[in-house]
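Below is one structure, written out as structure tokens; comments come after it.
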Amino acid sequence: MLNTKFETAKETAWCPGCGDFGILNALKEALNELALNPHEVVICSGIGQAAKVPQYINTNGFNGLHGRALPPATGIKIVNKNLKVIINSGEGDTYGEGGNHFIHTIRRNLDIAHFVHDNQIYGLTKGQASPTTNIGFRTGVQTNGVILEPLNPIALAISMGASFVARSFSGDAEHLKEVMKAAINHKGYALVDILQPCVSFNKINTFKYYKDRVYYLPEEFDRTDREEAFKRSLEWGDRIPLGIFYQVEKTTYIDCIDYLNNGPALVDKELNPMDAEKFMDDFK
Amino acid sequence: MLNTKFETAKETAWCPGCGDFGILNALKEALNELALNPHEVVICSGIGQAAKVPQYINTNGFNGLHGRALPPATGIKIVNKNLKVIINSGEGDTYGEGGNHFIHTIRRNLDIAHFVHDNQIYGLTKGQASPTTNIGFRTGVQTNGVILEPLNPIALAISMGASFVARSFSGDAEHLKEVMKAAINHKGYALVDILQPCVSFNKINTFKYYKDRVYYLPEEFDRTDREEAFKRSLEWGDRIPLGIFYQVEKTTYIDCIDYLNNGPALVDKELNPMDAEKFMDDFK
Amino acid sequence: MDYNILLGGAAGQGMNTIGDVLGKVITRTGYYIFFNKDYMSRVRGGHNFNQLRFSEKPLYSHKEKLDVIIALNEETIDKHKERLMKDGIIVASSDFKITDEKIITLPFKEIAKEIGNVKVFGTVIVGTIIKMFNLSLDILEDVLKEYFSGEILEMNIQAAQRGYELTGNRFNLVHPNQKDRITINGNQAVGLGALAAGCIFFSGYPMTPGTGVMNYIASKQKELGIVVEQAEDEIAALNMVLGASFAGARAMTSTSGGGYSLMVEAIGLSGIIETPAVIVNVQRPGPATGLPTRTAQADLKFVINAAQDEIPRLIISLRHAEEAFYQTARAFNLAEKYQIPVTILSDQYLADTGVTIDPYDFTKIKIERYLATKEDIGEAPYKRYKITDSGISPRIIPGKIPGQVFMVDSDEHDEFGHIIESGDLRNQMMEKRMRKMELIAQDVQEPWHLGNLEPEVLLIAWGSTYGPIKEAVELLEKDDKKVAALVFGDVWPLPTKLIQEYSQKAKKIISIEGNYSGQLADVIQEKTCIPIKERLNKYDGRPWSYDEIYRRIQEVL
Amino acid sequence: MDYNILLGGAAGQGMNTIGDVLGKVITRTGYYIFFNKDYMSRVRGGHNFNQLRFSEKPLYSHKEKLDVIIALNEETIDKHKERLMKDGIIVASSDFKITDEKIITLPFKEIAKEIGNVKVFGTVIVGTIIKMFNLSLDILEDVLKEYFSGEILEMNIQAAQRGYELTGNRFNLVHPNQKDRITINGNQAVGLGALAAGCIFFSGYPMTPGTGVMNYIASKQKELGIVVEQAEDEIAALNMVLGASFAGARAMTSTSGGGYSLMVEAIGLSGIIETPAVIVNVQRPGPATGLPTRTAQADLKFVINAAQDEIPRLIISLRHAEEAFYQTARAFNLAEKYQIPVTILSDQYLADTGVTIDPYDFTKIKIERYLATKEDIGEAPYKRYKITDSGISPRIIPGKIPGQVFMVDSDEHDEFGHIIESGDLRNQMMEKRMRKMELIAQDVQEPWHLGNLEPEVLLIAWGSTYGPIKEAVELLEKDDKKVAALVFGDVWPLPTKLIQEYSQKAKKIISIEGNYSGQLADVIQEKTCIPIKERLNKYDGRPWSYDEIYRRIQEVL
Ligand SMILES: Cc1ncc(C[n+]2csc(CCOP(=O)(O)OP(=O)(O)O)c2C)c(N)n1
Ligand SMILES: Cc1ncc(C[n+]2csc(CCOP(=O)(O)OP(=O)(O)O)c2C)c(N)n1
Ligand code: SF4
Ligand code: SF4
Ligand SMILES: [Mg+2]
Ligand SMILES: [Mg+2]
């Protein structure tokens, strides 16, 4: 167990060796290094193995419905801009069931960090193909192997105009922690797609598989060049780039609404029925 | 009225001057020139002004739920590969309510053509912002103007690996018809995002607005270069490119399943309960 | 007195503005109006009509018989002239080809052209009607000033005057004097109620006829400093609302049946995470897309049972724009009191119908949050789902109490919100949640009683049918019929006291509903085993009118 | 004779394989088994257990008392030893620290290590059990051959032999002789039924415990040349099914409550476009995510009322794996006969429980498509929604009849499927669709009757509670109690003949359900006004066992 404010006594239900442990630890350390307090943080998730993160960390948590991690995060952040809102969920949750929220949440550019545990499989439901499963992968449903082109979350996020798009790997604790910190610090929506071995159901994309293929985007890589970022995002296979593909400053949702930006958080507003009384004049 | 097999007597419910008329006519002509027969064609749609297309054309039609034009089209094409399956729907229907189906339907690469009537507004519900409405556009809901980054369907489709991605304009009948024909002839999923003025609710993106801005991708433009296509797709504003951004050959869903590819259409299969009797052995 | 004006034409002819302006003039003159809309699912063309009924007494229903038909196109005359009273008149443009003794054709279009703007055509007509009913041109000019400005305003004032001069006074009215009432429709009343109740976050996806609530709230968002967020779909809408509510906001969404279908899973979520939400379902006829712009009361059993397994919930149906305001505010209080989803059932008839009522008393609105304080919860680790006798656990919001965190979980959970597998704990949590239903049942309001106290015939209804039934029962009582009606507002949990009581007295029970099978009657049977065999059901997408109810009840008496 | 073996351990310890292998050996020896699973929503760890009961007579329920506990971990002993019979035994690994007079510890792990593969540990145990029950090592070897091959098979055979030699015979059995029965669970039975019925397209999204149906059908897709498509979400799944069905395929989806919630809107669509669909809801406890791997019967009222407005529909609940096969095939026929959505309600208990039954008679399965031919529809333009007396319109599929096209429309429509606004046509269409319910009511099957023909006490139940109730009623009858049960399979439209009849005879009616409020009892009250006041409801996520029902009924008698 780490030694952060974010530890809990709760025993995890993950398989020994699962990449989720590395992600959970990196998250706790990132929060710790950012000197955040548990009560200032809300972690939202859907349903899946990854989505159990809020169960195992000492922060506020909204463990909602499968595929629906992002809309509650959106509601939370809009009404209380002072909370750090983080989403941890699986790639099935995010890009499968929740695909529509994914693309539209990017468009809103709220200041939230989104950590996708991408094990290229549906873990909790025991091994069906997820949107990122490679072609040819056989499962109990895809008995002849997957035939759908895998979704490329990095390319997709870049095409949707996300202002921070990164990839990391549960097997590199340090890199992951640093990218998480950058994502949390980024002002705007930040996606980190995290390669995460599932030892029980994905015997192809193992720790070794990733380890053999990942490389780090070079220092001199220009993260503000969208076309370059897109080009790099298409790299997948023998070599898999890790790091921040794209990061630019962009006005956030809150920036655009004057009274949210300059006023107190919405939830701190005093409520008074009489404020609306004058609107009756419209009906006279 | 045109003189094709696809005419109907039904009066349309569209506003005079609506861009939907041009799209409907181009579609009828395209089908006619492709020498298709009405009974061989199924047009699927969701709900919206655009989605009324199946009401006004003499083909088979599946006018389903708002946002859900693509899944029925998928089901139809998988079970009867001999039908020409075409989808006509609004951009709200397709990229808003139906966004998740949009991204995953691209992944399936079924041989279907998808025509999106993109008027940058919710027409039928009287003028709320759609996913493609420009920033700053004011509506009864977006009273301070839209603040969400508009979705770029061309960039998105390219990032998702669509094998045919094009844009046309309801105001250019000839171009539209030709692009439609190319899309229908394309083996695989083909997206055509069609600029379509809404004379009632979009007073900004008018016929003239588009007319002043559109230009045609040059002859020499290399449609097989994905990065180039992506780059071009980002052009939007003073100059809006029309034409086929990207087109490559790619195995389709049906290609990947041997017995679908080489056998008869699934619906033509003889059904016999006894075929499954042998499976009881597994339980002995 | 009781006048009824029909205004008919195609979508896009400006009928709503004509009706609104005329309605304002009549309201300000001191009358009560009842202004309902019948429109097609299209933006231009087709046949739409508005009916503007007014009287010096409060009105509760549209009526069939017409005094005046204002025809913006010829189709209007064909479709509605049968309903014209003997001494009624039809006002039409002089270029119409139809002839009929009751038609007065006047050169509206020509005048508009002369003024130099064909769009003022409607105002010319309003001027004419003002004159016919002896209303005040000054008031009309005041109203026009609120709608237009500059050159356009000048043209409209000119148009009004020209119209006013076109004809003479037709109906002899002595105008009443009370003038500060409001005319409001159901969607606006719900929206205003939400604002009064402190709704600071609204998320929705447009769907007729539920969009009006969103539009109304959005129109005030800037002024109040609140947020209306259009979601990508209804699933997102309710899940955003739940996030906002979890974080401490009073939050709401509105939709119609199709959108409600998509919210079903999140309604269950609201129930198990015990996070309040107010969901407005403005009903229209289904199934599926159905008849988008028409009315129905056909989602009752659906909303009562929506979502897998069982949750505590409250369903309030709205009977009238007056209560719509107060009930919406109440919905917010009860949602927070019990930490449940509250569904408000409205319908297109109520939503789009403007009625004149006394101004709302905003001092009656109390915002009761039922939030626990730092002191309430003490120092021990906070239990979001503490098992209590009432079933209600102290609720805090995240980020406000340093040192205290909590989570909500869609899985079955322990008192801390952590996922569990134990059958015992599951029982305790299920019982804790469902115990709240017992308290809610005490908060639930009995149906409104109308008519006789010792009735022979008992009518059962709910929601917006209230208005037409009220007028019908008054007529039946004038005929010396011993008739009463119980009109339910709160429908779930079903209040059963009055129905038990009156069903014993009455020889005959008849339900009157806007659906195919008689859904409230079913619910009453389910909960009380009181058989309701006679059921008057209407499902053509049109609202019951009082005359129709009156006639149908006479038939079965 | 009636033996009950519990096999407990953590997820990932191979318990399911041990159980399956043992089950096969016992079935092939000629016994009936009843093999149910209790597992947590996790892949490794936690506490899971399987119960394998067997007898020479058909079995319908798990039971509480245990003869043997096979403990793969120590927790298993703690959790279950109370249920052990006086002469029961606990079989455990010799490294366990727990001591108890009933424990036999044996060196399973050591032997596995000696063989050189820790994974064969389970097979060692199976060998031991085989010996204890005097079962055949040969049969075990046959079964192992179906599971393994090559070196791994060799090791397993060795493991079985070593286990067999570890101990002596404990239970004296004379084995029966009938050997060609099948042991199948509810999900497999539904899947096989669908295949027999000609389901050629399946689209679904994984959701426990509904995934098993998809898995089963997928496992045969290649061999049969059909397609299983995993959808992006449940909304897509049912909409794909409707597209496929429109195009002429028999098509199906399966899910659990949360996924069903997302399908609600499309269920309404199926109703209004009159396009058949078979939807399997394998129930688990909610609300929302609830208890993913456990059982419940808590979606009854939800599925009856799912979707805005009203549609004709049929809801079939499954009582037993035997009928699951035939009912699924029937669902396809009735879906096409009436052009409606048919919901099959299963639950985790039924879905995951293996029972031994006689082989299905495939010759009983008739595929009835009810499709219209070119001749049927004639030359005139085809009316997809022709208004007929029965409410059923001739249905064709697109592309097959040159010259004829048609459309289906989620809007209210005319006979051609074109959007309408007319109230009259709306009424006709609504009535046409709902008329089908009258015919469906005739096709609906009355509940199964168990026990006394002139009962004093009448039990009411539905779905998978059938098995436990059947055994409980048999015990109660042995005690000379005048008890009967009506166990509903078809639940909507509700068949009311037998319940009317028996409710008159019985002095007391008691419902037994797997939900909080007694949902079937509610539905019966709604439809018949027969009050059902005593309700035994279980909602802890565990199935009723026959002993529990027997005890509870004795208490109230
Ligand atoms: C509406 C709904 N559909 C399906 C499910 C079942 N379900 C739970 S988790 C899951 C997939 C999880 O995959 P992923 O998000 O990749 O997470 P992982 O378990 O791999 O970490 C599914 C399909 C559900 N809970 N709710
Ligand atoms: C579930 C559901 N939500 C909302 C609606 C209401 N609705 C109908 S059409 C539409 C928007 C249509 O916009 P678009 O797809 O852009 O089509 P257009 O009318 O602009 O052609 C909406 C929100 C609906 N019918 N169903
Ligand atoms: S199944 Fe896979 S993702 Fe889930 S806990 Fe095990 S290893 Fe991790
Ligand atoms: S509202 Fe707009 S999109 Fe709809 S018919 Fe009119 S012009 Fe066309
Ligand atoms: Mg995953
Ligand atoms: Mg549009």
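Starting from 1 in every chain, residues are counted up; chains themselves are A, B, ... following the order of the structure tokens, and ligands are numbered from 1 as listed.
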
Tell me as a CSV table (one decimal) with N, CA and C atoms, in the first residue's frame which residues belonging to chain A come within 8 Å of chain B, counting only C-alpha atoms.
chain,number,residue,atom,x,y,z
A,96,GLY,N,-17.5,2.4,-26.1
A,96,GLY,CA,-18.6,1.5,-26.6
A,96,GLY,C,-19.9,2.1,-26.1
A,97,GLU,N,-20.4,1.6,-25.0
A,97,GLU,CA,-21.7,2.1,-24.5
A,97,GLU,C,-21.7,3.6,-24.4
A,98,GLY,N,-20.6,4.2,-24.0
A,98,GLY,CA,-20.6,5.7,-23.8
A,98,GLY,C,-20.1,6.5,-24.9
A,99,GLY,N,-19.9,6.0,-26.1
A,99,GLY,CA,-19.3,6.7,-27.2
A,99,GLY,C,-19.9,8.1,-27.5
A,100,ASN,N,-21.2,8.2,-27.4
A,100,ASN,CA,-21.8,9.5,-27.7
A,100,ASN,C,-21.4,10.5,-26.7
A,103,ILE,N,-17.7,11.8,-27.5
A,103,ILE,CA,-17.5,12.8,-28.5
A,103,ILE,C,-18.0,14.2,-28.1
A,107,ARG,N,-16.3,18.1,-27.0
A,107,ARG,CA,-16.8,19.4,-27.5
A,107,ARG,C,-17.0,20.5,-26.4
A,108,ARG,N,-17.4,20.0,-25.2
A,108,ARG,CA,-17.7,21.0,-24.2
A,108,ARG,C,-16.4,21.6,-23.5
A,109,ASN,N,-15.3,20.9,-23.6
A,109,ASN,CA,-14.1,21.3,-23.1
A,109,ASN,C,-14.2,21.8,-21.7
A,147,ILE,N,-14.0,-8.5,-36.6
A,147,ILE,CA,-13.8,-8.0,-37.9
A,147,ILE,C,-14.0,-6.5,-38.0
A,148,LEU,N,-14.4,-5.9,-36.9
A,148,LEU,CA,-14.6,-4.4,-36.9
A,148,LEU,C,-13.3,-3.7,-36.7
A,149,GLU,N,-13.0,-2.7,-37.5
A,149,GLU,CA,-11.8,-1.9,-37.3
A,149,GLU,C,-11.8,-1.3,-35.9
A,150,PRO,N,-10.6,-1.5,-35.2
A,150,PRO,CA,-10.6,-0.9,-33.9
A,150,PRO,C,-10.7,0.6,-33.9
A,151,LEU,N,-11.3,1.1,-32.9
A,151,LEU,CA,-11.4,2.5,-32.7
A,151,LEU,C,-10.1,3.1,-32.2
A,152,ASN,N,-9.7,4.2,-32.8
A,152,ASN,CA,-8.4,4.8,-32.4
A,152,ASN,C,-8.7,6.0,-31.5
A,155,ALA,N,-6.7,9.3,-32.3
A,155,ALA,CA,-7.1,10.0,-33.5
A,155,ALA,C,-8.5,10.6,-33.4
A,156,LEU,N,-9.4,9.8,-32.8
A,156,LEU,CA,-10.7,10.3,-32.6
A,156,LEU,C,-10.8,11.6,-31.8
A,159,SER,N,-9.4,14.5,-33.7
A,159,SER,CA,-10.3,15.0,-34.8
A,159,SER,C,-11.5,15.7,-34.2
A,160,MET,N,-11.9,15.4,-32.9
A,160,MET,CA,-13.0,16.1,-32.3
A,160,MET,C,-12.5,17.4,-31.6
A,161,GLY,N,-11.2,17.7,-31.7
A,161,GLY,CA,-10.8,19.0,-31.2
A,161,GLY,C,-10.4,19.0,-29.7
A,227,GLU,N,-2.1,18.4,-37.1
A,227,GLU,CA,-1.9,17.5,-38.2
A,227,GLU,C,-0.8,16.4,-37.8
A,230,PHE,N,-2.2,14.0,-35.4
A,230,PHE,CA,-3.1,13.0,-36.1
A,230,PHE,C,-2.2,12.0,-36.7
A,231,LYS,N,-1.2,12.4,-37.4
A,231,LYS,CA,-0.3,11.5,-38.1
A,231,LYS,C,0.3,10.5,-37.1
A,253,TYR,N,-15.5,25.6,-21.2
A,253,TYR,CA,-16.9,25.8,-21.1
A,253,TYR,C,-17.2,26.9,-20.1
A,256,CYS,N,-16.5,30.5,-21.0
A,256,CYS,CA,-17.4,31.1,-22.0
A,256,CYS,C,-18.6,31.7,-21.3

From a backbone DSSP assignment, name each residue in region 178-227 of chain A labelled helix (DSSP H, G or I), as a list in words. Glu178, Val179, Met180, Lys181, Ala182, Ala183, Ile184, Asn185, Phe207, Lys208, Tyr209, Tyr210, Lys211, Asp212, Arg213, Arg226 and Glu227 of chain A

Expected file: the selected residues, N, CA, C and O atoms, as a PDB file, in the first residue's frame:
ATOM      1  N   GLU A 178       3.124  11.061 -14.283  1.00  0.00           N
ATOM      2  CA  GLU A 178       3.421  12.397 -14.809  1.00  0.00           C
ATOM      3  C   GLU A 178       2.375  12.841 -15.832  1.00  0.00           C
ATOM      4  O   GLU A 178       1.945  13.989 -15.841  1.00  0.00           O
ATOM      5  N   VAL A 179       1.972  11.911 -16.686  1.00  0.00           N
ATOM      6  CA  VAL A 179       0.952  12.271 -17.678  1.00  0.00           C
ATOM      7  C   VAL A 179      -0.366  12.591 -16.960  1.00  0.00           C
ATOM      8  O   VAL A 179      -1.083  13.526 -17.328  1.00  0.00           O
ATOM      9  N   MET A 180      -0.679  11.821 -15.938  1.00  0.00           N
ATOM     10  CA  MET A 180      -1.895  12.105 -15.179  1.00  0.00           C
ATOM     11  C   MET A 180      -1.845  13.494 -14.568  1.00  0.00           C
ATOM     12  O   MET A 180      -2.824  14.237 -14.607  1.00  0.00           O
ATOM     13  N   LYS A 181      -0.715  13.835 -14.011  1.00  0.00           N
ATOM     14  CA  LYS A 181      -0.582  15.164 -13.410  1.00  0.00           C
ATOM     15  C   LYS A 181      -0.764  16.245 -14.468  1.00  0.00           C
ATOM     16  O   LYS A 181      -1.462  17.244 -14.251  1.00  0.00           O
ATOM     17  N   ALA A 182      -0.128  16.026 -15.618  1.00  0.00           N
ATOM     18  CA  ALA A 182      -0.272  17.013 -16.696  1.00  0.00           C
ATOM     19  C   ALA A 182      -1.731  17.142 -17.112  1.00  0.00           C
ATOM     20  O   ALA A 182      -2.235  18.239 -17.364  1.00  0.00           O
ATOM     21  N   ALA A 183      -2.417  16.007 -17.169  1.00  0.00           N
ATOM     22  CA  ALA A 183      -3.830  16.016 -17.582  1.00  0.00           C
ATOM     23  C   ALA A 183      -4.679  16.751 -16.549  1.00  0.00           C
ATOM     24  O   ALA A 183      -5.553  17.550 -16.893  1.00  0.00           O
ATOM     25  N   ILE A 184      -4.417  16.479 -15.286  1.00  0.00           N
ATOM     26  CA  ILE A 184      -5.203  17.136 -14.236  1.00  0.00           C
ATOM     27  C   ILE A 184      -4.909  18.632 -14.224  1.00  0.00           C
ATOM     28  O   ILE A 184      -5.797  19.455 -14.064  1.00  0.00           O
ATOM     29  N   ASN A 185      -3.673  18.976 -14.459  1.00  0.00           N
ATOM     30  CA  ASN A 185      -3.310  20.394 -14.484  1.00  0.00           C
ATOM     31  C   ASN A 185      -3.779  21.106 -15.739  1.00  0.00           C
ATOM     32  O   ASN A 185      -3.908  22.323 -15.748  1.00  0.00           O
ATOM     33  N   PHE A 207       1.296  -7.535 -20.871  1.00  0.00           N
ATOM     34  CA  PHE A 207       2.326  -6.612 -20.410  1.00  0.00           C
ATOM     35  C   PHE A 207       3.516  -6.636 -21.373  1.00  0.00           C
ATOM     36  O   PHE A 207       3.999  -5.612 -21.835  1.00  0.00           O
ATOM     37  N   LYS A 208       3.926  -7.836 -21.699  1.00  0.00           N
ATOM     38  CA  LYS A 208       5.084  -7.971 -22.588  1.00  0.00           C
ATOM     39  C   LYS A 208       4.784  -7.402 -23.973  1.00  0.00           C
ATOM     40  O   LYS A 208       5.616  -6.736 -24.582  1.00  0.00           O
ATOM     41  N   TYR A 209       3.592  -7.680 -24.451  1.00  0.00           N
ATOM     42  CA  TYR A 209       3.187  -7.171 -25.766  1.00  0.00           C
ATOM     43  C   TYR A 209       3.376  -5.661 -25.815  1.00  0.00           C
ATOM     44  O   TYR A 209       3.981  -5.113 -26.723  1.00  0.00           O
ATOM     45  N   TYR A 210       2.832  -5.003 -24.810  1.00  0.00           N
ATOM     46  CA  TYR A 210       2.942  -3.548 -24.797  1.00  0.00           C
ATOM     47  C   TYR A 210       4.399  -3.125 -24.590  1.00  0.00           C
ATOM     48  O   TYR A 210       4.911  -2.257 -25.285  1.00  0.00           O
ATOM     49  N   LYS A 211       5.026  -3.764 -23.617  1.00  0.00           N
ATOM     50  CA  LYS A 211       6.402  -3.402 -23.277  1.00  0.00           C
ATOM     51  C   LYS A 211       7.296  -3.447 -24.515  1.00  0.00           C
ATOM     52  O   LYS A 211       8.138  -2.573 -24.721  1.00  0.00           O
ATOM     53  N   ASP A 212       7.080  -4.482 -25.326  1.00  0.00           N
ATOM     54  CA  ASP A 212       7.900  -4.642 -26.530  1.00  0.00           C
ATOM     55  C   ASP A 212       7.637  -3.574 -27.578  1.00  0.00           C
ATOM     56  O   ASP A 212       8.430  -3.393 -28.498  1.00  0.00           O
ATOM     57  N   ARG A 213       6.504  -2.941 -27.503  1.00  0.00           N
ATOM     58  CA  ARG A 213       6.118  -2.062 -28.603  1.00  0.00           C
ATOM     59  C   ARG A 213       6.129  -0.569 -28.277  1.00  0.00           C
ATOM     60  O   ARG A 213       6.258   0.254 -29.168  1.00  0.00           O
ATOM     61  N   ARG A 226      -1.640  19.960 -34.754  1.00  0.00           N
ATOM     62  CA  ARG A 226      -2.748  19.013 -34.815  1.00  0.00           C
ATOM     63  C   ARG A 226      -2.560  17.974 -35.917  1.00  0.00           C
ATOM     64  O   ARG A 226      -2.868  16.796 -35.734  1.00  0.00           O
ATOM     65  N   GLU A 227      -2.067  18.410 -37.056  1.00  0.00           N
ATOM     66  CA  GLU A 227      -1.904  17.452 -38.162  1.00  0.00           C
ATOM     67  C   GLU A 227      -0.811  16.432 -37.834  1.00  0.00           C
ATOM     68  O   GLU A 227      -0.939  15.245 -38.125  1.00  0.00           O
TER      69      GLU A 227
END

Near Asn88 (chain A), within 10 Å and counting only C-alpha atoms, which residues show up once chain neighbours fewer than 2 positions away are dropped, as a ChimeraX atom specification? /A:23-24,27,43-46,50-54,63,69-70,86,90-91,93-94,113-117,192

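Near Gln247 (chain B), within 8 Å and counting only C-alpha atoms, sit Ser163, Phe164, Val165, Arg223, Thr224, Ile244, Phe245 and Glu249 of chain B; same-chain residues fewer than 2 positions away were not included.
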
Save the residues we just selected, N, CA, C and O atoms, as a tab-separated table (two decimals), in the first residue's frame?
chain	number	residue	atom	x	y	z
B	163	SER	N	-14.14	4.46	-45.19
B	163	SER	CA	-13.45	4.23	-46.46
B	163	SER	C	-13.92	5.17	-47.57
B	163	SER	O	-13.36	5.17	-48.66
B	164	PHE	N	-14.95	5.96	-47.31
B	164	PHE	CA	-15.42	6.96	-48.29
B	164	PHE	C	-15.98	8.12	-47.50
B	164	PHE	O	-16.93	7.95	-46.73
B	165	VAL	N	-15.39	9.28	-47.68
B	165	VAL	CA	-15.83	10.45	-46.91
B	165	VAL	C	-15.92	11.64	-47.86
B	165	VAL	O	-14.93	12.01	-48.49
B	223	ARG	N	-7.18	11.36	-53.13
B	223	ARG	CA	-8.19	10.91	-52.17
B	223	ARG	C	-7.77	9.69	-51.37
B	223	ARG	O	-8.56	9.17	-50.60
B	224	THR	N	-6.62	9.16	-51.64
B	224	THR	CA	-6.25	7.95	-50.91
B	224	THR	C	-5.27	8.28	-49.78
B	224	THR	O	-4.80	7.38	-49.09
B	244	ILE	N	-14.91	14.53	-52.68
B	244	ILE	CA	-14.55	13.31	-51.97
B	244	ILE	C	-13.19	13.51	-51.31
B	244	ILE	O	-12.19	13.66	-52.01
B	245	PHE	N	-13.17	13.55	-50.00
B	245	PHE	CA	-11.93	13.77	-49.27
B	245	PHE	C	-11.08	12.51	-49.22
B	245	PHE	O	-9.85	12.57	-49.19
B	249	GLU	N	-10.21	1.33	-50.91
B	249	GLU	CA	-10.85	0.02	-50.88
B	249	GLU	C	-10.51	-0.66	-49.56
B	249	GLU	O	-9.37	-0.63	-49.12

Among the residues of region 323-458 of chain C, find those DSSP assigns to strand (DSSP E) from the backbone and print them as a compact mmCIF listing (two decimals) with N, CA and C atoms, in the first residue's frame.
# COMPACT_ATOMS: atom_id res chain seq x y z
N PRO C 341 -36.20 10.33 -7.42
CA PRO C 341 -36.64 10.98 -8.65
C PRO C 341 -38.13 11.32 -8.55
N VAL C 342 -38.46 12.52 -8.91
CA VAL C 342 -39.88 12.91 -8.98
C VAL C 342 -40.20 13.16 -10.45
N THR C 343 -41.21 12.48 -10.94
CA THR C 343 -41.63 12.71 -12.31
C THR C 343 -42.86 13.59 -12.32
N ILE C 344 -42.79 14.65 -13.10
CA ILE C 344 -43.96 15.49 -13.30
C ILE C 344 -44.56 15.12 -14.65
N LEU C 345 -45.81 14.71 -14.62
CA LEU C 345 -46.49 14.35 -15.87
C LEU C 345 -47.35 15.51 -16.34
N SER C 346 -46.94 16.09 -17.44
CA SER C 346 -47.76 17.12 -18.06
C SER C 346 -48.21 16.55 -19.40
N ASP C 347 -48.83 17.35 -20.24
CA ASP C 347 -49.17 16.88 -21.58
C ASP C 347 -49.27 18.07 -22.51
N GLY C 354 -52.60 28.52 -23.01
CA GLY C 354 -52.47 29.67 -22.12
C GLY C 354 -53.78 29.90 -21.37
N VAL C 355 -53.68 30.06 -20.06
CA VAL C 355 -54.90 30.35 -19.28
C VAL C 355 -54.61 31.55 -18.38
N THR C 356 -55.66 32.29 -18.14
CA THR C 356 -55.53 33.48 -17.28
C THR C 356 -55.81 33.08 -15.84
N ILE C 357 -54.91 33.48 -14.98
CA ILE C 357 -55.05 33.14 -13.56
C ILE C 357 -54.55 34.31 -12.72
N MET C 407 -19.20 8.36 -1.49
CA MET C 407 -19.47 7.98 -2.86
C MET C 407 -20.89 7.47 -3.02
N VAL C 408 -21.39 7.65 -4.24
CA VAL C 408 -22.68 7.07 -4.60
C VAL C 408 -22.39 5.97 -5.61
N ASP C 409 -23.20 4.94 -5.58
CA ASP C 409 -22.86 3.73 -6.34
C ASP C 409 -24.11 3.08 -6.91
N TRP C 448 -58.50 16.01 -6.22
CA TRP C 448 -59.48 17.09 -6.05
C TRP C 448 -60.87 16.53 -6.26
N HIS C 449 -61.76 16.98 -5.40
CA HIS C 449 -63.15 16.56 -5.53
C HIS C 449 -63.94 17.66 -6.21
N LEU C 450 -64.77 17.28 -7.15
CA LEU C 450 -65.64 18.23 -7.84
C LEU C 450 -67.07 17.72 -7.74
N GLY C 451 -68.03 18.63 -7.61
CA GLY C 451 -69.43 18.23 -7.71
C GLY C 451 -70.02 17.76 -6.40
N VAL C 457 -73.03 9.06 -9.44
CA VAL C 457 -72.04 8.73 -10.46
C VAL C 457 -70.71 9.40 -10.08
N LEU C 458 -69.70 8.59 -10.09
CA LEU C 458 -68.39 9.12 -9.74
C LEU C 458 -67.47 9.06 -10.95

7 Å shell around ligand 4 using only C-alpha atoms and all ligand atoms, listed as a list in words: Ala13, Trp14, Cys15, Gly17, Cys18, Gly19, Asp20, Gln49, Ala50, Asn119, Gly123, Leu124, Lys126, Pro197, Cys198, Val199, Ser200 and Phe201 of chain B; Val43 and Arg44 of chain C
